[in-house]
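Enquirer: Okay, handing you the structure first.
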Amino acid sequence: MLVVDNEEADRQLLARWLEPLGFAVTLATHGEDALRVLRDGLRPDVVFMDLAMPGMDGWETLRHIRTMGLQPAPALAVVSANAFDKGLDNDIGLPPQDFLVKPVRRDELLHWLGQRLGLTWQAADVPAQAAAAPAPTWPPATQLAHGLDATALGTLRELARLGYYRGFVQQIDRLSELHADYAQPLQRLRALAREFRFESIEQILQEALDEAEHLGG
């Protein structure tokens, strides 16, 4: 996999999702960097290309990649923060289904990979030792329900649902500054986000929202 994006957080997000699944991921910070590693011999199965980059933008980089005639030809995916790009005609010939809109959702990414590479996903067996490990201690929903209003909790839940790591931790840090008395449970959520355990985070926040509604009622 070749990931081309000038934003470090966006590059690292894809790498953290893909590498544990067994993919070798090369990161490029701009278009010229991507072309260099391809000229040096990298032959990726997939190229994830950001569009808005300084210097050579994503479209120009994709045009250069097409003219290189790489064999086998990699699957190309545009990763853009502008959903409007998905509906535009382009001279690369990419169909709308090859556009991933930021913040990229993990399930959409894996669905796209499965379709474009003909993959069949398999669930890994859980080792007996891991299965017997004690469950982690989650941040208590009660603390969050008492410390944050429903709007803040709902925003965090939506960011977790999207799997938007950068936006989630930025929101956590802002709330920690505003609500110093509740910084500890918030930072524990941040630690879970660092492990990309967003399903667990979403569950915790939903419980906090339910309790906040009960308290307000």
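Letters for chains follow the order of the structure tokens (A, B, ...), residue numbers begin at 1 for each chain, and ligand numbers begin at 1 in the order shown.
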Write out as a list in words each polymer residue whose atoms come within 7 Å of stretch 41-46 of chain A, counting only C-alpha atoms; drop sequence neighbours fewer than 6 positions from it.
Expert: Met1, Leu2, Pro74, Ala75 and Leu76 of chain A
Enquirer: Quick one: write out the picked residues with C-alpha atoms as an mmCIF file, in the first residue's frame?
Expert:
data_model
loop_
_atom_site.group_PDB
_atom_site.id
_atom_site.type_symbol
_atom_site.label_atom_id
_atom_site.label_comp_id
_atom_site.auth_asym_id
_atom_site.auth_seq_id
_atom_site.Cartn_x
_atom_site.Cartn_y
_atom_site.Cartn_z
ATOM 1 C CA MET A 1 0.000 0.000 0.000
ATOM 2 C CA LEU A 2 1.188 3.510 -0.812
ATOM 3 C CA PRO A 74 -2.222 -0.497 -8.745
ATOM 4 C CA ALA A 75 -5.784 0.163 -7.668
ATOM 5 C CA LEU A 76 -6.201 3.908 -7.143
#
Enquirer: If you run DSSP over the backbone, which residues in stretch 8-169 of chain A end up alpha helix (DSSP H)? Put them as an MDAnalysis selection string.
Expert: chainID A and resid 8:18 31:39 58:68 106:117 128:131 141:147 150:162 165:169
Enquirer: Give me, please, the distance in Å between atom CA of A:Gly31 and atom CA of A:Asp5, quoted to one decimal.
Expert: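 One can read the atom CA of A:Gly31 to atom CA of A:Asp5 distance as 8.3 Å.
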Enquirer: I'd like the neighbourhood of A:Val169 as a PyMOL selection string, where a residue qualifies if any of its atoms comes within 12 Å (using only C-alpha atoms), though same-chain residues fewer than 5 positions away should be ignored.
Expert: chain A and resi 9+155-156+159-160+163-164+174-176+186-196+198
Enquirer: Please report the interatomic distance between atom CA of A:Ile201 and atom CA of A:Phe168 in Å with one decimal.
Expert: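 These atoms are spaced 10.5 Å apart.
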Enquirer: Here is a test: counting only C-alpha atoms, which residue of A:Arg16, A:His111, A:Arg11, A:His146 is nearest to A:Thr29?
Expert: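 Of all the options, A:Arg11 lies closest to A:Thr29.
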Enquirer: Between atom CA of A:Glu207 and atom CA of A:Leu144, measure the distance and give it in Å to one decimal.
Expert: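 One can read the atom CA of A:Glu207 to atom CA of A:Leu144 distance as 9.4 Å.
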Enquirer: For each of A:Pro96, A:Met68, A:Glu199, A:Tyr165, take the minimum atom-to-atom distance to A:Gln12, counting only C-alpha atoms, then give the residue where this is smallest.
Expert: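 Ranking A:Pro96, A:Met68, A:Glu199, A:Tyr165 by distance to A:Gln12, first place goes to A:Tyr165.
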Enquirer: For A:Asp91, work out the shell of residues within 12 Å, counting only C-alpha atoms and skipping chain neighbours fewer than 6 positions away, then give it as a PyMOL selection string.
Expert: chain A and resi 59-60+62-63+66
Enquirer: Between A:Leu13, A:Val47, A:Leu18, A:Ala52, which has the minimum distance to A:His30 (counting only C-alpha atoms)?
Expert: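 Of A:Leu13, A:Val47, A:Leu18, A:Ala52, the one nearest A:His30, counting only C-alpha atoms, is A:Ala52.
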Enquirer: Which of chain A end up as strand (DSSP E) when DSSP is run on this backbone - answer as a PyMOL selection string?
Expert: chain A and resi 2-4+26-28+46-50+75-80+99-101
Enquirer: Which of these residues is nearest to A:Ser80, using only C-alpha atoms: A:Asp57, A:Glu158, A:Glu32, A:Glu211?
Expert: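 Residue with the minimum atom-to-atom distance to A:Ser80: A:Asp57.
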Enquirer: Using only C-alpha atoms, which of the listed residues (A:Met49, A:Leu153, A:Leu109, A:Val37) sits closest to A:Glu202?
Expert: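 Looking only at the distances to A:Glu202, the closest residue turns out to be A:Leu153.
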Enquirer: For A:Leu162, which residue out of A:Leu35, A:Pro103, A:Phe23, A:Asp50 is the nearest one, using only C-alpha atoms?
Expert: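 Between A:Leu35, A:Pro103, A:Phe23, A:Asp50, the residue approaching A:Leu162 most closely is A:Pro103.
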